[in-house]
>>> print(open('query-v4.pdb').read())   # PDB, N, CA and C atoms
ATOM      1  N   GLY I1247       0.811  -1.199   0.000  1.00  0.00           N
ATOM      2  CA  GLY I1247       0.000   0.000   0.000  1.00  0.00           C
ATOM      3  C   GLY I1247       0.850   1.258   0.000  1.00  0.00           C
ATOM      4  N   PRO I1248       0.217   2.408  -0.033  1.00  0.00           N
ATOM      5  CA  PRO I1248       0.952   3.672  -0.070  1.00  0.00           C
ATOM      6  C   PRO I1248       1.844   3.881   1.156  1.00  0.00           C
ATOM      7  N   SER I1249       1.391   3.449   2.333  1.00  0.00           N
ATOM      8  CA  SER I1249       2.206   3.632   3.546  1.00  0.00           C
ATOM      9  C   SER I1249       3.527   2.890   3.413  1.00  0.00           C
ATOM     10  N   TYR I1250       3.455   1.677   2.872  1.00  0.00           N
ATOM     11  CA  TYR I1250       4.653   0.861   2.698  1.00  0.00           C
ATOM     12  C   TYR I1250       5.601   1.521   1.696  1.00  0.00           C
ATOM     13  N   SER I1251       5.052   2.006   0.578  1.00  0.00           N
ATOM     14  CA  SER I1251       5.868   2.653  -0.456  1.00  0.00           C
ATOM     15  C   SER I1251       6.583   3.875   0.101  1.00  0.00           C
ATOM     16  N   ILE I1252       5.857   4.691   0.843  1.00  0.00           N
ATOM     17  CA  ILE I1252       6.453   5.908   1.405  1.00  0.00           C
ATOM     18  C   ILE I1252       7.546   5.549   2.407  1.00  0.00           C
ATOM     19  N   SER I1253       7.342   4.473   3.171  1.00  0.00           N
ATOM     20  CA  SER I1253       8.347   4.086   4.175  1.00  0.00           C
ATOM     21  C   SER I1253       9.683   3.775   3.511  1.00  0.00           C
ATOM     22  N   LYS I1254       9.634   3.308   2.272  1.00  0.00           N
ATOM     23  CA  LYS I1254      10.867   2.974   1.550  1.00  0.00           C
ATOM     24  C   LYS I1254      11.630   4.219   1.090  1.00  0.00           C
ATOM     25  N   GLU I1255      10.955   5.367   1.086  1.00  0.00           N
ATOM     26  CA  GLU I1255      11.583   6.622   0.650  1.00  0.00           C
ATOM     27  C   GLU I1255      12.133   7.430   1.825  1.00  0.00           C
ATOM     28  N   CYS I1256      12.159   6.822   2.981  1.00  0.00           N
ATOM     29  CA  CYS I1256      12.557   7.549   4.184  1.00  0.00           C
ATOM     30  C   CYS I1256      13.888   7.078   4.734  1.00  0.00           C
ATOM     31  N   VAL I1257      14.575   8.011   5.371  1.00  0.00           N
ATOM     32  CA  VAL I1257      15.738   7.690   6.179  1.00  0.00           C
ATOM     33  C   VAL I1257      15.178   7.343   7.557  1.00  0.00           C
ATOM     34  N   LEU I1258      15.564   6.215   8.117  1.00  0.00           N
ATOM     35  CA  LEU I1258      15.067   5.835   9.436  1.00  0.00           C
ATOM     36  C   LEU I1258      15.659   6.741  10.509  1.00  0.00           C
ATOM     37  N   ILE I1259      14.827   7.084  11.467  1.00  0.00           N
ATOM     38  CA  ILE I1259      15.311   7.876  12.595  1.00  0.00           C
ATOM     39  C   ILE I1259      14.817   7.235  13.882  1.00  0.00           C
ATOM     40  N   SER I1260      15.480   7.562  14.956  1.00  0.00           N
ATOM     41  CA  SER I1260      15.092   7.010  16.248  1.00  0.00           C
ATOM     42  C   SER I1260      13.820   7.699  16.740  1.00  0.00           C
ATOM     43  N   ASP I1261      12.989   6.962  17.444  1.00  0.00           N
ATOM     44  CA  ASP I1261      11.766   7.597  17.954  1.00  0.00           C
ATOM     45  C   ASP I1261      12.067   8.550  19.109  1.00  0.00           C
ATOM     46  N   THR I1262      13.339   8.656  19.500  1.00  0.00           N
ATOM     47  CA  THR I1262      13.708   9.648  20.519  1.00  0.00           C
ATOM     48  C   THR I1262      14.204  10.930  19.849  1.00  0.00           C
ATOM     49  N   ASP I1263      14.305  10.907  18.521  1.00  0.00           N
ATOM     50  CA  ASP I1263      14.852  12.031  17.755  1.00  0.00           C
ATOM     51  C   ASP I1263      13.798  12.622  16.816  1.00  0.00           C
ATOM     52  N   LEU I1264      12.543  12.585  17.228  1.00  0.00           N
ATOM     53  CA  LEU I1264      11.466  13.014  16.339  1.00  0.00           C
ATOM     54  C   LEU I1264      11.336  14.531  16.270  1.00  0.00           C
ATOM     55  N   ASN I1265      11.167  15.013  15.061  1.00  0.00           N
ATOM     56  CA  ASN I1265      10.878  16.430  14.833  1.00  0.00           C
ATOM     57  C   ASN I1265       9.493  16.544  14.221  1.00  0.00           C
ATOM     58  N   GLU I1266       8.899  17.711  14.374  1.00  0.00           N
ATOM     59  CA  GLU I1266       7.603  17.971  13.767  1.00  0.00           C
ATOM     60  C   GLU I1266       7.670  17.657  12.270  1.00  0.00           C
ATOM     61  N   GLY I1267       6.704  16.921  11.776  1.00  0.00           N
ATOM     62  CA  GLY I1267       6.677  16.595  10.351  1.00  0.00           C
ATOM     63  C   GLY I1267       7.291  15.248  10.007  1.00  0.00           C
ATOM     64  N   ASP I1268       7.989  14.624  10.955  1.00  0.00           N
ATOM     65  CA  ASP I1268       8.538  13.294  10.682  1.00  0.00           C
ATOM     66  C   ASP I1268       7.398  12.292  10.539  1.00  0.00           C
ATOM     67  N   LEU I1269       7.648  11.249   9.780  1.00  0.00           N
ATOM     68  CA  LEU I1269       6.619  10.258   9.513  1.00  0.00           C
ATOM     69  C   LEU I1269       6.745   9.068  10.452  1.00  0.00           C
ATOM     70  N   LEU I1270       5.611   8.556  10.856  1.00  0.00           N
ATOM     71  CA  LEU I1270       5.572   7.401  11.757  1.00  0.00           C
ATOM     72  C   LEU I1270       4.877   6.263  11.029  1.00  0.00           C
ATOM     73  N   PHE I1271       5.445   5.080  11.144  1.00  0.00           N
ATOM     74  CA  PHE I1271       4.888   3.927  10.439  1.00  0.00           C
ATOM     75  C   PHE I1271       4.472   2.856  11.435  1.00  0.00           C
ATOM     76  N   PHE I1272       3.347   2.249  11.141  1.00  0.00           N
ATOM     77  CA  PHE I1272       2.780   1.225  12.017  1.00  0.00           C
ATOM     78  C   PHE I1272       2.486  -0.033  11.210  1.00  0.00           C
ATOM     79  N   LYS I1273       2.659  -1.168  11.874  1.00  0.00           N
ATOM     80  CA  LYS I1273       2.264  -2.445  11.268  1.00  0.00           C
ATOM     81  C   LYS I1273       1.104  -2.945  12.104  1.00  0.00           C
ATOM     82  N   ILE I1274      -0.090  -2.881  11.550  1.00  0.00           N
ATOM     83  CA  ILE I1274      -1.283  -3.307  12.285  1.00  0.00           C
ATOM     84  C   ILE I1274      -1.824  -4.555  11.610  1.00  0.00           C
ATOM     85  N   ASN I1275      -1.681  -5.684  12.263  1.00  0.00           N
ATOM     86  CA  ASN I1275      -2.165  -6.974  11.750  1.00  0.00           C
ATOM     87  C   ASN I1275      -1.581  -7.333  10.390  1.00  0.00           C
ATOM     88  N   GLU I1276      -0.429  -6.832  10.057  1.00  0.00           N
ATOM     89  CA  GLU I1276       0.168  -7.142   8.757  1.00  0.00           C
ATOM     90  C   GLU I1276       1.677  -7.234   8.888  1.00  0.00           C
ATOM     91  N   LYS I1277       2.293  -7.902   7.925  1.00  0.00           N
ATOM     92  CA  LYS I1277       3.753  -8.014   7.936  1.00  0.00           C
ATOM     93  C   LYS I1277       4.399  -6.748   7.404  1.00  0.00           C
ATOM     94  N   LYS I1278       3.680  -6.028   6.540  1.00  0.00           N
ATOM     95  CA  LYS I1278       4.209  -4.781   5.982  1.00  0.00           C
ATOM     96  C   LYS I1278       3.587  -3.589   6.695  1.00  0.00           C
ATOM     97  N   VAL I1279       4.227  -2.447   6.525  1.00  0.00           N
ATOM     98  CA  VAL I1279       3.682  -1.198   7.060  1.00  0.00           C
ATOM     99  C   VAL I1279       2.292  -0.982   6.469  1.00  0.00           C
ATOM    100  N   SER I1280       1.315  -0.710   7.323  1.00  0.00           N
ATOM    101  CA  SER I1280      -0.059  -0.577   6.842  1.00  0.00           C
ATOM    102  C   SER I1280      -0.725   0.730   7.273  1.00  0.00           C
ATOM    103  N   HIS I1281      -0.008   1.520   8.074  1.00  0.00           N
ATOM    104  CA  HIS I1281      -0.625   2.745   8.576  1.00  0.00           C
ATOM    105  C   HIS I1281       0.485   3.748   8.831  1.00  0.00           C
ATOM    106  N   MET I1282       0.190   5.011   8.604  1.00  0.00           N
ATOM    107  CA  MET I1282       1.207   6.017   8.889  1.00  0.00           C
ATOM    108  C   MET I1282       0.601   7.273   9.483  1.00  0.00           C
ATOM    109  N   GLY I1283       1.440   8.026  10.162  1.00  0.00           N
ATOM    110  CA  GLY I1283       1.020   9.285  10.740  1.00  0.00           C
ATOM    111  C   GLY I1283       2.154  10.287  10.620  1.00  0.00           C
ATOM    112  N   MET I1284       1.886  11.510  11.028  1.00  0.00           N
ATOM    113  CA  MET I1284       2.914  12.548  11.001  1.00  0.00           C
ATOM    114  C   MET I1284       3.069  13.097  12.417  1.00  0.00           C
ATOM    115  N   TYR I1285       4.326  13.150  12.864  1.00  0.00           N
ATOM    116  CA  TYR I1285       4.608  13.606  14.224  1.00  0.00           C
ATOM    117  C   TYR I1285       4.327  15.094  14.374  1.00  0.00           C
ATOM    118  N   LEU I1286       3.742  15.454  15.502  1.00  0.00           N
ATOM    119  CA  LEU I1286       3.485  16.868  15.803  1.00  0.00           C
ATOM    120  C   LEU I1286       4.532  17.327  16.819  1.00  0.00           C
ATOM    121  N   GLN I1287       4.217  17.206  18.089  1.00  0.00           N
ATOM    122  CA  GLN I1287       5.185  17.466  19.154  1.00  0.00           C
ATOM    123  C   GLN I1287       4.626  16.915  20.454  1.00  0.00           C
ATOM    124  N   ASN I1288       5.470  16.837  21.470  1.00  0.00           N
ATOM    125  CA  ASN I1288       5.052  16.333  22.786  1.00  0.00           C
ATOM    126  C   ASN I1288       4.388  14.957  22.714  1.00  0.00           C
ATOM    127  N   GLY I1289       4.911  14.098  21.842  1.00  0.00           N
ATOM    128  CA  GLY I1289       4.397  12.724  21.775  1.00  0.00           C
ATOM    129  C   GLY I1289       3.130  12.563  20.966  1.00  0.00           C
ATOM    130  N   LYS I1290       2.621  13.660  20.408  1.00  0.00           N
ATOM    131  CA  LYS I1290       1.361  13.581  19.654  1.00  0.00           C
ATOM    132  C   LYS I1290       1.627  13.415  18.162  1.00  0.00           C
ATOM    133  N   PHE I1291       0.715  12.759  17.477  1.00  0.00           N
ATOM    134  CA  PHE I1291       0.830  12.637  16.024  1.00  0.00           C
ATOM    135  C   PHE I1291      -0.552  12.698  15.396  1.00  0.00           C
ATOM    136  N   ILE I1292      -0.575  13.099  14.144  1.00  0.00           N
ATOM    137  CA  ILE I1292      -1.835  13.228  13.409  1.00  0.00           C
ATOM    138  C   ILE I1292      -1.882  12.121  12.366  1.00  0.00           C
ATOM    139  N   HIS I1293      -3.053  11.528  12.204  1.00  0.00           N
ATOM    140  CA  HIS I1293      -3.198  10.449  11.223  1.00  0.00           C
ATOM    141  C   HIS I1293      -4.660  10.311  10.857  1.00  0.00           C
ATOM    142  N   ALA I1294      -4.904   9.591   9.788  1.00  0.00           N
ATOM    143  CA  ALA I1294      -6.278   9.373   9.336  1.00  0.00           C
ATOM    144  C   ALA I1294      -6.753   8.025   9.855  1.00  0.00           C
ATOM    145  N   SER I1295      -7.860   8.047  10.559  1.00  0.00           N
ATOM    146  CA  SER I1295      -8.423   6.809  11.087  1.00  0.00           C
ATOM    147  C   SER I1295      -9.620   6.433  10.222  1.00  0.00           C
ATOM    148  N   THR I1296      -9.785   5.151   9.981  1.00  0.00           N
ATOM    149  CA  THR I1296     -10.886   4.721   9.115  1.00  0.00           C
ATOM    150  C   THR I1296     -12.235   5.058   9.742  1.00  0.00           C
ATOM    151  N   LYS I1297     -12.301   5.045  11.070  1.00  0.00           N
ATOM    152  CA  LYS I1297     -13.590   5.280  11.742  1.00  0.00           C
ATOM    153  C   LYS I1297     -13.864   6.754  12.003  1.00  0.00           C
ATOM    154  N   ALA I1298     -12.802   7.497  12.370  1.00  0.00           N
ATOM    155  CA  ALA I1298     -13.046   8.863  12.850  1.00  0.00           C
ATOM    156  C   ALA I1298     -12.481   9.963  11.969  1.00  0.00           C
ATOM    157  N   GLY I1299     -11.933   9.610  10.810  1.00  0.00           N
ATOM    158  CA  GLY I1299     -11.330  10.644   9.975  1.00  0.00           C
ATOM    159  C   GLY I1299      -9.965  11.034  10.515  1.00  0.00           C
ATOM    160  N   VAL I1300      -9.591  12.290  10.332  1.00  0.00           N
ATOM    161  CA  VAL I1300      -8.267  12.734  10.782  1.00  0.00           C
ATOM    162  C   VAL I1300      -8.317  13.025  12.280  1.00  0.00           C
ATOM    163  N   VAL I1301      -7.403  12.378  13.010  1.00  0.00           N
ATOM    164  CA  VAL I1301      -7.386  12.515  14.470  1.00  0.00           C
ATOM    165  C   VAL I1301      -5.957  12.737  14.960  1.00  0.00           C
ATOM    166  N   ILE I1302      -5.871  13.257  16.182  1.00  0.00           N
ATOM    167  CA  ILE I1302      -4.571  13.403  16.842  1.00  0.00           C
ATOM    168  C   ILE I1302      -4.533  12.362  17.954  1.00  0.00           C
ATOM    169  N   SER I1303      -3.464  11.572  17.970  1.00  0.00           N
ATOM    170  CA  SER I1303      -3.312  10.526  18.979  1.00  0.00           C
ATOM    171  C   SER I1303      -1.967  10.687  19.674  1.00  0.00           C
ATOM    172  N   ASP I1304      -1.782   9.905  20.729  1.00  0.00           N
ATOM    173  CA  ASP I1304      -0.547   9.948  21.499  1.00  0.00           C
ATOM    174  C   ASP I1304       0.263   8.687  21.230  1.00  0.00           C
ATOM    175  N   LEU I1305       1.544   8.870  20.937  1.00  0.00           N
ATOM    176  CA  LEU I1305       2.416   7.717  20.666  1.00  0.00           C
ATOM    177  C   LEU I1305       2.542   6.790  21.867  1.00  0.00           C
ATOM    178  N   GLN I1306       2.283   7.319  23.058  1.00  0.00           N
ATOM    179  CA  GLN I1306       2.384   6.483  24.257  1.00  0.00           C
ATOM    180  C   GLN I1306       1.112   5.667  24.503  1.00  0.00           C
ATOM    181  N   ASP I1307       0.083   5.911  23.726  1.00  0.00           N
ATOM    182  CA  ASP I1307      -1.143   5.130  23.833  1.00  0.00           C
ATOM    183  C   ASP I1307      -0.769   3.661  23.613  1.00  0.00           C
ATOM    184  N   PRO I1308      -1.186   2.768  24.514  1.00  0.00           N
ATOM    185  CA  PRO I1308      -0.771   1.363  24.410  1.00  0.00           C
ATOM    186  C   PRO I1308      -1.031   0.733  23.042  1.00  0.00           C
ATOM    187  N   TYR I1309      -2.117   1.113  22.397  1.00  0.00           N
ATOM    188  CA  TYR I1309      -2.443   0.558  21.084  1.00  0.00           C
ATOM    189  C   TYR I1309      -1.379   0.940  20.053  1.00  0.00           C
ATOM    190  N   TYR I1310      -1.058   2.225  20.002  1.00  0.00           N
ATOM    191  CA  TYR I1310      -0.086   2.693  19.004  1.00  0.00           C
ATOM    192  C   TYR I1310       1.327   2.264  19.362  1.00  0.00           C
ATOM    193  N   LYS I1311       1.602   2.188  20.658  1.00  0.00           N
ATOM    194  CA  LYS I1311       2.908   1.725  21.119  1.00  0.00           C
ATOM    195  C   LYS I1311       3.129   0.279  20.659  1.00  0.00           C
ATOM    196  N   LYS I1312       2.080  -0.506  20.731  1.00  0.00           N
ATOM    197  CA  LYS I1312       2.170  -1.921  20.354  1.00  0.00           C
ATOM    198  C   LYS I1312       2.467  -2.089  18.867  1.00  0.00           C
ATOM    199  N   TYR I1313       1.839  -1.281  18.021  1.00  0.00           N
ATOM    200  CA  TYR I1313       1.954  -1.461  16.577  1.00  0.00           C
ATOM    201  C   TYR I1313       2.985  -0.557  15.905  1.00  0.00           C
ATOM    202  N   PHE I1314       3.571   0.362  16.700  1.00  0.00           N
ATOM    203  CA  PHE I1314       4.572   1.269  16.123  1.00  0.00           C
ATOM    204  C   PHE I1314       5.712   0.452  15.538  1.00  0.00           C
ATOM    205  N   PHE I1315       6.117   0.797  14.323  1.00  0.00           N
ATOM    206  CA  PHE I1315       7.180   0.061  13.659  1.00  0.00           C
ATOM    207  C   PHE I1315       8.461   0.883  13.545  1.00  0.00           C
ATOM    208  N   LYS I1316       8.369   2.055  12.941  1.00  0.00           N
ATOM    209  CA  LYS I1316       9.555   2.884  12.818  1.00  0.00           C
ATOM    210  C   LYS I1316       9.172   4.314  12.481  1.00  0.00           C
ATOM    211  N   ALA I1317      10.146   5.192  12.599  1.00  0.00           N
ATOM    212  CA  ALA I1317       9.958   6.591  12.239  1.00  0.00           C
ATOM    213  C   ALA I1317      10.897   6.896  11.086  1.00  0.00           C
ATOM    214  N   GLY I1318      10.488   7.814  10.239  1.00  0.00           N
ATOM    215  CA  GLY I1318      11.320   8.151   9.085  1.00  0.00           C
ATOM    216  C   GLY I1318      11.220   9.607   8.713  1.00  0.00           C
ATOM    217  N   ARG I1319      12.225  10.030   7.984  1.00  0.00           N
ATOM    218  CA  ARG I1319      12.274  11.393   7.462  1.00  0.00           C
ATOM    219  C   ARG I1319      12.465  11.243   5.959  1.00  0.00           C
ATOM    220  N   LEU I1320      11.670  11.937   5.170  1.00  0.00           N
ATOM    221  CA  LEU I1320      11.815  11.803   3.721  1.00  0.00           C
ATOM    222  C   LEU I1320      13.221  12.205   3.279  1.00  0.00           C
ATOM    223  N   LYS I1321      13.784  11.421   2.383  1.00  0.00           N
ATOM    224  CA  LYS I1321      15.161  11.656   1.908  1.00  0.00           C
ATOM    225  C   LYS I1321      15.256  12.978   1.157  1.00  0.00           C
TER     226      LYS I1321
END
>>> encode(input="query-v4.pdb", output="structure tokens")
Amino acid sequence: GPSYSISKECVLISDTDLNEGDLLFFKINEKKVSHMGMYLQNGKFIHASTKAGVVISDLQDPYYKKYFFKAGRLK
């Protein structure tokens, strides 16, 4: 999917080195990246949810923490 393709165009960064605008990739019930978001600040990120549209969530939320795969910055 598009999330997987975009992840291939990124330089990997540590989740302790996140800047506003960095991309976050999640693997939810799949072997490949299936969901992505964009980092805001203070642990928050914005992403599109199938149920609620565009939402702001917290990276420390147990659900997102469980499925978080990697962070990237576009090359």
>>> resolve_selection(input="query-v4.pdb", expression="the PyMOL selection byres ((chain I and resi 1288) around 8)", output="VMD selection string")
chain I and resid 1266 1285 to 1287 1289 to 1291 1304 to 1306
>>> resolve_selection(input="query-v4.pdb", expression="the PyMOL selection byres (((chain I and resi 1282 and name CA) around 10) and name CA)", output="list in words")
Pro1248, Ser1249, Tyr1250, Ile1252, Ser1253, Leu1269, Leu1270, Phe1271, Phe1272, Lys1273, Val1279, Ser1280, His1281, Gly1283, Met1284, Tyr1285, Phe1291, Ile1292, His1293, Ala1294, Ser1295, Phe1314, Phe1315, Lys1316 and Ala1317 of chain I
>>> atom_distance(input="query-v4.pdb", atom1="atom C of Val1257 in chain I", atom2="atom N of Leu1320 in chain I")
6.3 Å
>>> atom_distance(input="query-v4.pdb", atom1="atom C of Ser1260 in chain I", atom2="atom C of Gly1247 in chain I")
22.1 Å
>>> atom_distance(input="query-v4.pdb", atom1="atom C of Gly1318 in chain I", atom2="CA of Gly1267 in chain I")
8.5 Å
>>> select_by_dssp(input="query-v4.pdb", residues="chain I", states="strand (DSSP E)", output="VMD selection string")
chain I and resid 1256 to 1259 1269 to 1272 1281 to 1285 1290 to 1295 1299 to 1304 1314 to 1320
>>> axis_aligned_box(input="query-v4.pdb", around="range 1253-1266 of chain I", padding_each_side="6 Å", output="AutoDock Vina command-line options")
--center_x 11.5 --center_y 10.5 --center_z 10.6 --size_x 20.4 --size_y 27.0 --size_z 31.9
>>> select_by_dssp(input="query-v4.pdb", residues="chain I", states="alpha helix (DSSP H)", output="PyMOL selection string")
chain I and resi 1248-1253+1308-1313
>>> decode(input="query-v4.pdb", residues="range 1259-1294 of chain I", atoms="N, CA and C atoms", output="PDB file, in the first residue's frame")
ATOM      1  N   ILE I1259      14.827   7.084  11.467  1.00  0.00           N
ATOM      2  CA  ILE I1259      15.311   7.876  12.595  1.00  0.00           C
ATOM      3  C   ILE I1259      14.817   7.235  13.882  1.00  0.00           C
ATOM      4  N   SER I1260      15.480   7.562  14.956  1.00  0.00           N
ATOM      5  CA  SER I1260      15.092   7.010  16.248  1.00  0.00           C
ATOM      6  C   SER I1260      13.820   7.699  16.740  1.00  0.00           C
ATOM      7  N   ASP I1261      12.989   6.962  17.444  1.00  0.00           N
ATOM      8  CA  ASP I1261      11.766   7.597  17.954  1.00  0.00           C
ATOM      9  C   ASP I1261      12.067   8.550  19.109  1.00  0.00           C
ATOM     10  N   THR I1262      13.339   8.656  19.500  1.00  0.00           N
ATOM     11  CA  THR I1262      13.708   9.648  20.519  1.00  0.00           C
ATOM     12  C   THR I1262      14.204  10.930  19.849  1.00  0.00           C
ATOM     13  N   ASP I1263      14.305  10.907  18.521  1.00  0.00           N
ATOM     14  CA  ASP I1263      14.852  12.031  17.755  1.00  0.00           C
ATOM     15  C   ASP I1263      13.798  12.622  16.816  1.00  0.00           C
ATOM     16  N   LEU I1264      12.543  12.585  17.228  1.00  0.00           N
ATOM     17  CA  LEU I1264      11.466  13.014  16.339  1.00  0.00           C
ATOM     18  C   LEU I1264      11.336  14.531  16.270  1.00  0.00           C
ATOM     19  N   ASN I1265      11.167  15.013  15.061  1.00  0.00           N
ATOM     20  CA  ASN I1265      10.878  16.430  14.833  1.00  0.00           C
ATOM     21  C   ASN I1265       9.493  16.544  14.221  1.00  0.00           C
ATOM     22  N   GLU I1266       8.899  17.711  14.374  1.00  0.00           N
ATOM     23  CA  GLU I1266       7.603  17.971  13.767  1.00  0.00           C
ATOM     24  C   GLU I1266       7.670  17.657  12.270  1.00  0.00           C
ATOM     25  N   GLY I1267       6.704  16.921  11.776  1.00  0.00           N
ATOM     26  CA  GLY I1267       6.677  16.595  10.351  1.00  0.00           C
ATOM     27  C   GLY I1267       7.291  15.248  10.007  1.00  0.00           C
ATOM     28  N   ASP I1268       7.989  14.624  10.955  1.00  0.00           N
ATOM     29  CA  ASP I1268       8.538  13.294  10.682  1.00  0.00           C
ATOM     30  C   ASP I1268       7.398  12.292  10.539  1.00  0.00           C
ATOM     31  N   LEU I1269       7.648  11.249   9.780  1.00  0.00           N
ATOM     32  CA  LEU I1269       6.619  10.258   9.513  1.00  0.00           C
ATOM     33  C   LEU I1269       6.745   9.068  10.452  1.00  0.00           C
ATOM     34  N   LEU I1270       5.611   8.556  10.856  1.00  0.00           N
ATOM     35  CA  LEU I1270       5.572   7.401  11.757  1.00  0.00           C
ATOM     36  C   LEU I1270       4.877   6.263  11.029  1.00  0.00           C
ATOM     37  N   PHE I1271       5.445   5.080  11.144  1.00  0.00           N
ATOM     38  CA  PHE I1271       4.888   3.927  10.439  1.00  0.00           C
ATOM     39  C   PHE I1271       4.472   2.856  11.435  1.00  0.00           C
ATOM     40  N   PHE I1272       3.347   2.249  11.141  1.00  0.00           N
ATOM     41  CA  PHE I1272       2.780   1.225  12.017  1.00  0.00           C
ATOM     42  C   PHE I1272       2.486  -0.033  11.210  1.00  0.00           C
ATOM     43  N   LYS I1273       2.659  -1.168  11.874  1.00  0.00           N
ATOM     44  CA  LYS I1273       2.264  -2.445  11.268  1.00  0.00           C
ATOM     45  C   LYS I1273       1.104  -2.945  12.104  1.00  0.00           C
ATOM     46  N   ILE I1274      -0.090  -2.881  11.550  1.00  0.00           N
ATOM     47  CA  ILE I1274      -1.283  -3.307  12.285  1.00  0.00           C
ATOM     48  C   ILE I1274      -1.824  -4.555  11.610  1.00  0.00           C
ATOM     49  N   ASN I1275      -1.681  -5.684  12.263  1.00  0.00           N
ATOM     50  CA  ASN I1275      -2.165  -6.974  11.750  1.00  0.00           C
ATOM     51  C   ASN I1275      -1.581  -7.333  10.390  1.00  0.00           C
ATOM     52  N   GLU I1276      -0.429  -6.832  10.057  1.00  0.00           N
ATOM     53  CA  GLU I1276       0.168  -7.142   8.757  1.00  0.00           C
ATOM     54  C   GLU I1276       1.677  -7.234   8.888  1.00  0.00           C
ATOM     55  N   LYS I1277       2.293  -7.902   7.925  1.00  0.00           N
ATOM     56  CA  LYS I1277       3.753  -8.014   7.936  1.00  0.00           C
ATOM     57  C   LYS I1277       4.399  -6.748   7.404  1.00  0.00           C
ATOM     58  N   LYS I1278       3.680  -6.028   6.540  1.00  0.00           N
ATOM     59  CA  LYS I1278       4.209  -4.781   5.982  1.00  0.00           C
ATOM     60  C   LYS I1278       3.587  -3.589   6.695  1.00  0.00           C
ATOM     61  N   VAL I1279       4.227  -2.447   6.525  1.00  0.00           N
ATOM     62  CA  VAL I1279       3.682  -1.198   7.060  1.00  0.00           C
ATOM     63  C   VAL I1279       2.292  -0.982   6.469  1.00  0.00           C
ATOM     64  N   SER I1280       1.315  -0.710   7.323  1.00  0.00           N
ATOM     65  CA  SER I1280      -0.059  -0.577   6.842  1.00  0.00           C
ATOM     66  C   SER I1280      -0.725   0.730   7.273  1.00  0.00           C
ATOM     67  N   HIS I1281      -0.008   1.520   8.074  1.00  0.00           N
ATOM     68  CA  HIS I1281      -0.625   2.745   8.576  1.00  0.00           C
ATOM     69  C   HIS I1281       0.485   3.748   8.831  1.00  0.00           C
ATOM     70  N   MET I1282       0.190   5.011   8.604  1.00  0.00           N
ATOM     71  CA  MET I1282       1.207   6.017   8.889  1.00  0.00           C
ATOM     72  C   MET I1282       0.601   7.273   9.483  1.00  0.00           C
ATOM     73  N   GLY I1283       1.440   8.026  10.162  1.00  0.00           N
ATOM     74  CA  GLY I1283       1.020   9.285  10.740  1.00  0.00           C
ATOM     75  C   GLY I1283       2.154  10.287  10.620  1.00  0.00           C
ATOM     76  N   MET I1284       1.886  11.510  11.028  1.00  0.00           N
ATOM     77  CA  MET I1284       2.914  12.548  11.001  1.00  0.00           C
ATOM     78  C   MET I1284       3.069  13.097  12.417  1.00  0.00           C
ATOM     79  N   TYR I1285       4.326  13.150  12.864  1.00  0.00           N
ATOM     80  CA  TYR I1285       4.608  13.606  14.224  1.00  0.00           C
ATOM     81  C   TYR I1285       4.327  15.094  14.374  1.00  0.00           C
ATOM     82  N   LEU I1286       3.742  15.454  15.502  1.00  0.00           N
ATOM     83  CA  LEU I1286       3.485  16.868  15.803  1.00  0.00           C
ATOM     84  C   LEU I1286       4.532  17.327  16.819  1.00  0.00           C
ATOM     85  N   GLN I1287       4.217  17.206  18.089  1.00  0.00           N
ATOM     86  CA  GLN I1287       5.185  17.466  19.154  1.00  0.00           C
ATOM     87  C   GLN I1287       4.626  16.915  20.454  1.00  0.00           C
ATOM     88  N   ASN I1288       5.470  16.837  21.470  1.00  0.00           N
ATOM     89  CA  ASN I1288       5.052  16.333  22.786  1.00  0.00           C
ATOM     90  C   ASN I1288       4.388  14.957  22.714  1.00  0.00           C
ATOM     91  N   GLY I1289       4.911  14.098  21.842  1.00  0.00           N
ATOM     92  CA  GLY I1289       4.397  12.724  21.775  1.00  0.00           C
ATOM     93  C   GLY I1289       3.130  12.563  20.966  1.00  0.00           C
ATOM     94  N   LYS I1290       2.621  13.660  20.408  1.00  0.00           N
ATOM     95  CA  LYS I1290       1.361  13.581  19.654  1.00  0.00           C
ATOM     96  C   LYS I1290       1.627  13.415  18.162  1.00  0.00           C
ATOM     97  N   PHE I1291       0.715  12.759  17.477  1.00  0.00           N
ATOM     98  CA  PHE I1291       0.830  12.637  16.024  1.00  0.00           C
ATOM     99  C   PHE I1291      -0.552  12.698  15.396  1.00  0.00           C
ATOM    100  N   ILE I1292      -0.575  13.099  14.144  1.00  0.00           N
ATOM    101  CA  ILE I1292      -1.835  13.228  13.409  1.00  0.00           C
ATOM    102  C   ILE I1292      -1.882  12.121  12.366  1.00  0.00           C
ATOM    103  N   HIS I1293      -3.053  11.528  12.204  1.00  0.00           N
ATOM    104  CA  HIS I1293      -3.198  10.449  11.223  1.00  0.00           C
ATOM    105  C   HIS I1293      -4.660  10.311  10.857  1.00  0.00           C
ATOM    106  N   ALA I1294      -4.904   9.591   9.788  1.00  0.00           N
ATOM    107  CA  ALA I1294      -6.278   9.373   9.336  1.00  0.00           C
ATOM    108  C   ALA I1294      -6.753   8.025   9.855  1.00  0.00           C
TER     109      ALA I1294
END
